[in-house]
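**Q** This is the content of input-v6.pdb (PDB, C-alpha atoms and all ligand atoms):
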MODEL        1
ATOM      1  CA  MET A 126     108.162 -75.422 -52.799  1.00  0.00           C
ATOM      2  CA  PRO A 127     111.126 -77.760 -52.273  1.00  0.00           C
ATOM      3  CA  THR A 128     111.773 -80.439 -54.826  1.00  0.00           C
ATOM      4  CA  TYR A 129     113.146 -83.803 -53.735  1.00  0.00           C
ATOM      5  CA  PRO A 130     115.448 -85.527 -54.127  1.00  0.00           C
ATOM      6  CA  ALA A 131     117.885 -82.619 -53.925  1.00  0.00           C
ATOM      7  CA  LEU A 132     121.582 -83.141 -54.528  1.00  0.00           C
ATOM      8  CA  ILE A 133     123.749 -82.577 -51.436  1.00  0.00           C
ATOM      9  CA  CYS A 134     127.161 -83.542 -52.769  1.00  0.00           C
ATOM     10  CA  ALA A 135     129.208 -86.158 -54.552  1.00  0.00           C
ATOM     11  CA  ALA A 136     129.655 -89.220 -52.346  1.00  0.00           C
ATOM     12  CA  THR A 137     133.429 -89.033 -52.776  1.00  0.00           C
ATOM     13  CA  LEU A 138     133.485 -85.793 -50.751  1.00  0.00           C
ATOM     14  CA  LEU A 139     132.643 -87.719 -47.605  1.00  0.00           C
ATOM     15  CA  GLU A 140     135.007 -90.529 -46.706  1.00  0.00           C
ATOM     16  CA  ASP A 141     134.543 -92.823 -43.745  1.00  0.00           C
ATOM     17  CA  ASN A 142     134.841 -91.082 -40.357  1.00  0.00           C
ATOM     18  CA  GLN A 143     134.301 -87.654 -41.842  1.00  0.00           C
ATOM     19  CA  SER A 144     131.571 -85.086 -41.470  1.00  0.00           C
ATOM     20  CA  LEU A 145     130.605 -81.980 -43.376  1.00  0.00           C
ATOM     21  CA  ARG A 146     128.111 -79.181 -43.171  1.00  0.00           C
ATOM     22  CA  PHE A 147     125.679 -78.541 -45.991  1.00  0.00           C
ATOM     23  CA  GLN A 148     123.283 -75.741 -46.736  1.00  0.00           C
ATOM     24  CA  TYR A 149     119.618 -76.263 -47.476  1.00  0.00           C
ATOM     25  CA  GLN A 150     117.563 -73.134 -48.043  1.00  0.00           C
ATOM     26  CA  GLN A 151     118.134 -71.008 -44.907  1.00  0.00           C
ATOM     27  CA  GLN A 152     119.391 -73.844 -42.694  1.00  0.00           C
ATOM     28  CA  THR A 153     122.359 -76.159 -42.434  1.00  0.00           C
ATOM     29  CA  GLY A 154     122.645 -79.891 -42.006  1.00  0.00           C
ATOM     30  CA  ILE A 155     125.406 -82.192 -40.820  1.00  0.00           C
ATOM     31  CA  LEU A 156     126.326 -85.109 -43.005  1.00  0.00           C
ATOM     32  CA  VAL A 157     128.313 -87.907 -41.341  1.00  0.00           C
ATOM     33  CA  ARG A 158     129.848 -91.103 -42.610  1.00  0.00           C
ATOM     34  CA  HIS A 159     130.916 -93.223 -39.664  1.00  0.00           C
ATOM     35  CA  GLN A 160     131.926 -96.877 -39.767  1.00  0.00           C
ATOM     36  CA  GLY A 161     130.420 -97.073 -43.230  1.00  0.00           C
ATOM     37  CA  GLN A 162     127.008 -95.714 -42.206  1.00  0.00           C
ATOM     38  CA  LEU A 163     125.699 -92.463 -43.599  1.00  0.00           C
ATOM     39  CA  ARG A 164     123.659 -90.162 -41.328  1.00  0.00           C
ATOM     40  CA  ALA A 165     122.372 -86.617 -41.514  1.00  0.00           C
ATOM     41  CA  TYR A 166     120.995 -84.254 -38.892  1.00  0.00           C
ATOM     42  CA  ILE A 167     119.807 -80.686 -38.820  1.00  0.00           C
ATOM     43  CA  ASN A 168     122.667 -78.546 -37.534  1.00  0.00           C
ATOM     44  CA  ARG A 169     120.768 -77.397 -34.474  1.00  0.00           C
ATOM     45  CA  CYS A 170     121.525 -78.306 -30.898  1.00  0.00           C
ATOM     46  CA  PRO A 171     118.465 -79.113 -28.756  1.00  0.00           C
ATOM     47  CA  HIS A 172     120.024 -77.257 -25.809  1.00  0.00           C
ATOM     48  CA  ARG A 173     119.862 -73.634 -26.963  1.00  0.00           C
ATOM     49  CA  HIS A 174     118.778 -74.237 -30.557  1.00  0.00           C
ATOM     50  CA  LYS A 175     122.076 -72.942 -31.891  1.00  0.00           C
ATOM     51  CA  THR A 176     124.079 -74.672 -34.584  1.00  0.00           C
ATOM     52  CA  LEU A 177     126.477 -77.323 -33.272  1.00  0.00           C
ATOM     53  CA  GLY A 178     129.212 -75.475 -35.099  1.00  0.00           C
ATOM     54  CA  ASP A 179     130.443 -74.440 -38.495  1.00  0.00           C
ATOM     55  CA  GLY A 180     132.140 -77.737 -39.306  1.00  0.00           C
ATOM     56  CA  PRO A 181     133.294 -79.447 -41.335  1.00  0.00           C
ATOM     57  CA  ASP A 182     134.449 -81.577 -38.401  1.00  0.00           C
ATOM     58  CA  PHE A 183     131.665 -82.161 -35.884  1.00  0.00           C
ATOM     59  CA  PHE A 184     133.314 -85.075 -34.056  1.00  0.00           C
ATOM     60  CA  ASP A 185     134.649 -85.154 -30.527  1.00  0.00           C
ATOM     61  CA  ASP A 186     138.366 -85.751 -29.996  1.00  0.00           C
ATOM     62  CA  GLN A 187     138.057 -89.542 -30.328  1.00  0.00           C
ATOM     63  CA  SER A 188     135.627 -89.369 -33.263  1.00  0.00           C
ATOM     64  CA  LEU A 189     133.088 -91.384 -31.273  1.00  0.00           C
ATOM     65  CA  TYR A 190     130.359 -88.735 -30.957  1.00  0.00           C
ATOM     66  CA  LEU A 191     129.106 -85.545 -32.536  1.00  0.00           C
ATOM     67  CA  ARG A 192     129.859 -82.551 -30.318  1.00  0.00           C
ATOM     68  CA  CYS A 193     128.239 -79.154 -29.931  1.00  0.00           C
ATOM     69  CA  GLU A 194     130.905 -76.476 -29.731  1.00  0.00           C
ATOM     70  CA  HIS A 195     128.917 -74.255 -27.361  1.00  0.00           C
ATOM     71  CA  HIS A 196     128.597 -76.352 -24.185  1.00  0.00           C
ATOM     72  CA  GLN A 197     130.234 -79.593 -25.365  1.00  0.00           C
ATOM     73  CA  ALA A 198     127.104 -81.772 -25.496  1.00  0.00           C
ATOM     74  CA  LEU A 199     127.898 -85.164 -27.037  1.00  0.00           C
ATOM     75  CA  PHE A 200     125.485 -86.915 -29.384  1.00  0.00           C
ATOM     76  CA  SER A 201     125.381 -90.493 -30.611  1.00  0.00           C
ATOM     77  CA  ILE A 202     126.367 -90.541 -34.259  1.00  0.00           C
ATOM     78  CA  ASP A 203     123.936 -93.387 -34.942  1.00  0.00           C
ATOM     79  CA  THR A 204     120.841 -92.014 -33.212  1.00  0.00           C
ATOM     80  CA  GLY A 205     121.460 -88.309 -32.584  1.00  0.00           C
ATOM     81  CA  VAL A 206     120.608 -88.782 -28.891  1.00  0.00           C
ATOM     82  CA  CYS A 207     122.558 -86.604 -26.455  1.00  0.00           C
ATOM     83  CA  ILE A 208     124.506 -88.884 -24.120  1.00  0.00           C
ATOM     84  CA  ALA A 209     126.279 -86.170 -22.106  1.00  0.00           C
ATOM     85  CA  GLY A 210     125.802 -82.464 -21.601  1.00  0.00           C
ATOM     86  CA  PRO A 211     123.039 -79.999 -20.767  1.00  0.00           C
ATOM     87  CA  CYS A 212     120.502 -81.547 -23.159  1.00  0.00           C
ATOM     88  CA  LYS A 213     121.031 -85.189 -22.150  1.00  0.00           C
ATOM     89  CA  GLN A 214     118.410 -87.562 -23.630  1.00  0.00           C
ATOM     90  CA  GLN A 215     117.231 -84.990 -26.160  1.00  0.00           C
ATOM     91  CA  ARG A 216     118.136 -85.640 -29.762  1.00  0.00           C
ATOM     92  CA  LEU A 217     119.235 -84.042 -32.979  1.00  0.00           C
ATOM     93  CA  THR A 218     116.665 -84.033 -35.761  1.00  0.00           C
ATOM     94  CA  SER A 219     117.404 -86.710 -38.330  1.00  0.00           C
ATOM     95  CA  ILE A 220     117.278 -85.931 -42.044  1.00  0.00           C
ATOM     96  CA  ALA A 221     116.272 -88.463 -44.698  1.00  0.00           C
ATOM     97  CA  ILE A 222     119.104 -88.967 -47.174  1.00  0.00           C
ATOM     98  CA  ALA A 223     120.244 -91.585 -49.665  1.00  0.00           C
ATOM     99  CA  GLU A 224     123.428 -92.435 -51.507  1.00  0.00           C
ATOM    100  CA  ARG A 225     122.756 -93.277 -55.149  1.00  0.00           C
ATOM    101  CA  GLU A 226     124.798 -93.302 -58.316  1.00  0.00           C
ATOM    102  CA  GLY A 227     127.808 -91.673 -56.695  1.00  0.00           C
ATOM    103  CA  ASN A 228     125.914 -88.830 -55.057  1.00  0.00           C
ATOM    104  CA  ILE A 229     124.295 -88.113 -51.699  1.00  0.00           C
ATOM    105  CA  TRP A 230     120.717 -86.894 -51.960  1.00  0.00           C
ATOM    106  CA  LEU A 231     118.380 -85.106 -49.606  1.00  0.00           C
ATOM    107  CA  LEU A 232     115.055 -86.976 -49.631  1.00  0.00           C
ATOM    108  CA  ASP A 233     113.140 -84.701 -47.304  1.00  0.00           C
ATOM    109  CA  TRP A 234     113.801 -81.868 -44.877  1.00  0.00           C
ATOM    110  CA  PRO A 235     112.002 -82.481 -41.578  1.00  0.00           C
ATOM    111  CA  CYS A 236     109.279 -80.163 -40.387  1.00  0.00           C
ATOM    112  CA  GLN A 237     110.594 -77.761 -37.793  1.00  0.00           C
ATOM    113  CA  SER A 238     109.114 -76.620 -34.540  1.00  0.00           C
ATOM    114  CA  ASP A 239     108.464 -72.916 -34.243  1.00  0.00           C
ATOM    115  CA  ARG A 240     111.758 -72.430 -32.376  1.00  0.00           C
ATOM    116  CA  GLN A 241     114.385 -71.018 -34.659  1.00  0.00           C
ATOM    117  CA  SER A 242     118.125 -70.904 -34.260  1.00  0.00           C
ATOM    118  CA  PRO A 243     119.309 -67.566 -32.981  1.00  0.00           C
ATOM    119  CA  ALA A 244     121.662 -65.686 -35.228  1.00  0.00           C
TER     120      ALA A 244
HETATM  121  S1  LIG A 301     123.957 -75.015 -27.348  1.00  0.00           S
HETATM  122 FE1  LIG A 301     124.699 -77.063 -27.729  1.00  0.00          FE
HETATM  123  S2  LIG A 301     125.305 -77.756 -25.767  1.00  0.00           S
HETATM  124 FE2  LIG A 301     124.515 -75.774 -25.394  1.00  0.00          FE
ENDMDL
END
Before we go any further, please render this structure as structure tokens.
**A**
Amino acid sequence: MPTYPALICAATLLEDNQSLRFQYQQQTGILVRHQGQLRAYINRCPHRHKTLGDGPDFFDDQSLYLRCEHHQALFSIDTGVCIAGPCKQQRLTSIAIAEREGNIWLLDWPCQSDRQSPA
């Protein structure tokens, strides 16, 4: 039974316009700080349900979008919606997080569909 909040990392590990991958149980998440806003998504592309990549950098070349390394789908950093690529209009699954007392905390891990990421 998961216990929340769960510590992800010290806030100082993620500066503005950086991303990192974090492990939670058997899955991974993407943590992003972009233009001062903190976001987190499950590291699973809606196209083929693979991870977007191994990170830590999940940005496209201009650091404007998150990018899946498999077929180059681009996702809005703010919303997780795919704006270009084979899964256009689908979205990454958002994760509830909070920054408190110098740390970044996982508040809840979203329920998953029955589709699992292939190995
Ligand atoms: S698996 Fe991500 S774009 Fe195809």
**Q** Skip Thr176 of chain A itself and residues of its chain fewer than 6 positions away, then list as a ChimeraX atom specification all residues within 8 Å of it, counting all atoms listed in the file.
**A** /A:168-170,193,242
**Q** Taking only C-alpha atoms and all ligand atoms into account, which residues are within 7 Å of ligand LIG 301 (chain A), as a list in words?
**A** Cys170, Pro171, His172, Arg173, His174, Lys175, Leu177, Cys193, Glu194, His195, His196, Gln197, Ala198, Gly210, Pro211 and Cys212 of chain A
**Q** Restrict the selected residues to C-alpha atoms and save them as a PDB file, keeping the file's coordinate frame.
**A**
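File written: out_2.pdb
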ATOM      1  CA  CYS A 170     121.525 -78.306 -30.898  1.00  0.00           C
ATOM      2  CA  PRO A 171     118.465 -79.113 -28.756  1.00  0.00           C
ATOM      3  CA  HIS A 172     120.024 -77.257 -25.809  1.00  0.00           C
ATOM      4  CA  ARG A 173     119.862 -73.634 -26.963  1.00  0.00           C
ATOM      5  CA  HIS A 174     118.778 -74.237 -30.557  1.00  0.00           C
ATOM      6  CA  LYS A 175     122.076 -72.942 -31.891  1.00  0.00           C
ATOM      7  CA  LEU A 177     126.477 -77.323 -33.272  1.00  0.00           C
ATOM      8  CA  CYS A 193     128.239 -79.154 -29.931  1.00  0.00           C
ATOM      9  CA  GLU A 194     130.905 -76.476 -29.731  1.00  0.00           C
ATOM     10  CA  HIS A 195     128.917 -74.255 -27.361  1.00  0.00           C
ATOM     11  CA  HIS A 196     128.597 -76.352 -24.185  1.00  0.00           C
ATOM     12  CA  GLN A 197     130.234 -79.593 -25.365  1.00  0.00           C
ATOM     13  CA  ALA A 198     127.104 -81.772 -25.496  1.00  0.00           C
ATOM     14  CA  GLY A 210     125.802 -82.464 -21.601  1.00  0.00           C
ATOM     15  CA  PRO A 211     123.039 -79.999 -20.767  1.00  0.00           C
ATOM     16  CA  CYS A 212     120.502 -81.547 -23.159  1.00  0.00           C
TER      17      CYS A 212
END
**Q** Taking only C-alpha atoms into account, name the residue in A:Trp234, A:Ile202, A:Ala209, A:Gln215 that is nearest to Pro127 of chain A.
**A**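 Checking each candidate against Pro127 of chain A, we get A:Trp234 as the closest.
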**Q** Which is closest to Thr204 of chain A among A:Ala131, A:Leu217, A:Leu232, A:Leu189, if we use all atoms listed in the file?
**A**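 Answer, going by the shortest atom-to-atom distance: A:Leu217.
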**Q** Between atom CA of Arg192 of chain A and atom CA of Gln152 of chain A, what is the distance in Å, rounded to a tenth?
**A** 18.4 Å
**Q** Could you check which of A:Leu156, A:Tyr190, A:Arg225, A:Leu199 is closest to Lys213 of chain A, using only C-alpha atoms?
**A**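 Smallest separation from Lys213 of chain A among the options: A:Leu199.
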**Q** Please expand the PyMOL selection byres (((chain A and resi 165) around 6) and not hetatm) into the concrete residues it hits in this file, giving the result as a PyMOL selection string.
**A** chain A and resi 155-156+164+166+219-220
**Q** Which polymer residues have any atom within 12 Å of an atom of Gln143 of chain A, counting all atoms listed in the file, with same-chain residues fewer than 3 positions away left out, as a PDB file with C-alpha atoms, in the coordinates of the input?
**A**
ATOM      1  CA  ALA A 136     129.655 -89.220 -52.346  1.00  0.00           C
ATOM      2  CA  THR A 137     133.429 -89.033 -52.776  1.00  0.00           C
ATOM      3  CA  LEU A 138     133.485 -85.793 -50.751  1.00  0.00           C
ATOM      4  CA  LEU A 139     132.643 -87.719 -47.605  1.00  0.00           C
ATOM      5  CA  GLU A 140     135.007 -90.529 -46.706  1.00  0.00           C
ATOM      6  CA  ARG A 146     128.111 -79.181 -43.171  1.00  0.00           C
ATOM      7  CA  ILE A 155     125.406 -82.192 -40.820  1.00  0.00           C
ATOM      8  CA  LEU A 156     126.326 -85.109 -43.005  1.00  0.00           C
ATOM      9  CA  VAL A 157     128.313 -87.907 -41.341  1.00  0.00           C
ATOM     10  CA  ARG A 158     129.848 -91.103 -42.610  1.00  0.00           C
ATOM     11  CA  HIS A 159     130.916 -93.223 -39.664  1.00  0.00           C
ATOM     12  CA  GLN A 160     131.926 -96.877 -39.767  1.00  0.00           C
ATOM     13  CA  GLY A 161     130.420 -97.073 -43.230  1.00  0.00           C
ATOM     14  CA  GLN A 162     127.008 -95.714 -42.206  1.00  0.00           C
ATOM     15  CA  LEU A 163     125.699 -92.463 -43.599  1.00  0.00           C
ATOM     16  CA  ARG A 164     123.659 -90.162 -41.328  1.00  0.00           C
ATOM     17  CA  ALA A 165     122.372 -86.617 -41.514  1.00  0.00           C
ATOM     18  CA  GLY A 180     132.140 -77.737 -39.306  1.00  0.00           C
ATOM     19  CA  PRO A 181     133.294 -79.447 -41.335  1.00  0.00           C
ATOM     20  CA  ASP A 182     134.449 -81.577 -38.401  1.00  0.00           C
ATOM     21  CA  PHE A 183     131.665 -82.161 -35.884  1.00  0.00           C
ATOM     22  CA  PHE A 184     133.314 -85.075 -34.056  1.00  0.00           C
ATOM     23  CA  ASP A 185     134.649 -85.154 -30.527  1.00  0.00           C
ATOM     24  CA  SER A 188     135.627 -89.369 -33.263  1.00  0.00           C
ATOM     25  CA  LEU A 189     133.088 -91.384 -31.273  1.00  0.00           C
ATOM     26  CA  TYR A 190     130.359 -88.735 -30.957  1.00  0.00           C
ATOM     27  CA  LEU A 191     129.106 -85.545 -32.536  1.00  0.00           C
ATOM     28  CA  ILE A 202     126.367 -90.541 -34.259  1.00  0.00           C
TER      29      ILE A 202
END
**Q** Work out how far atom CA of Ile167 of chain A is from atom CA of Phe147 of chain A, in Å to one decimal.
**A**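 Taking atom CA of Phe147 of chain A and atom CA of Ile167 of chain A, their separation equals 9.5 Å.
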**Q** Please report the interatomic distance between atom CA of Gly227 of chain A and atom CA of Asp186 of chain A in Å with one decimal.
**A**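 Interatomic distance, atom CA of Gly227 of chain A to atom CA of Asp186 of chain A: 29.3 Å.
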**Q** Calculated over only C-alpha atoms, which of the candidates A:Asp179, A:Asp203, A:Tyr129, A:Gln214 has the smallest distance to Gln148 of chain A?
**A**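 Among the listed residues, A:Asp179 lies closest to Gln148 of chain A.
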**Q** List as a list in words: which residues have an atom within 8 Å of (126.9, -83.6, -51.5), counting only C-alpha atoms?
**A**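 Residues satisfying the cut-off, written out: Leu132, Ile133, Cys134, Ala135, Ala136, Leu138, Phe147, Asn228, Ile229 and Trp230 of chain A.
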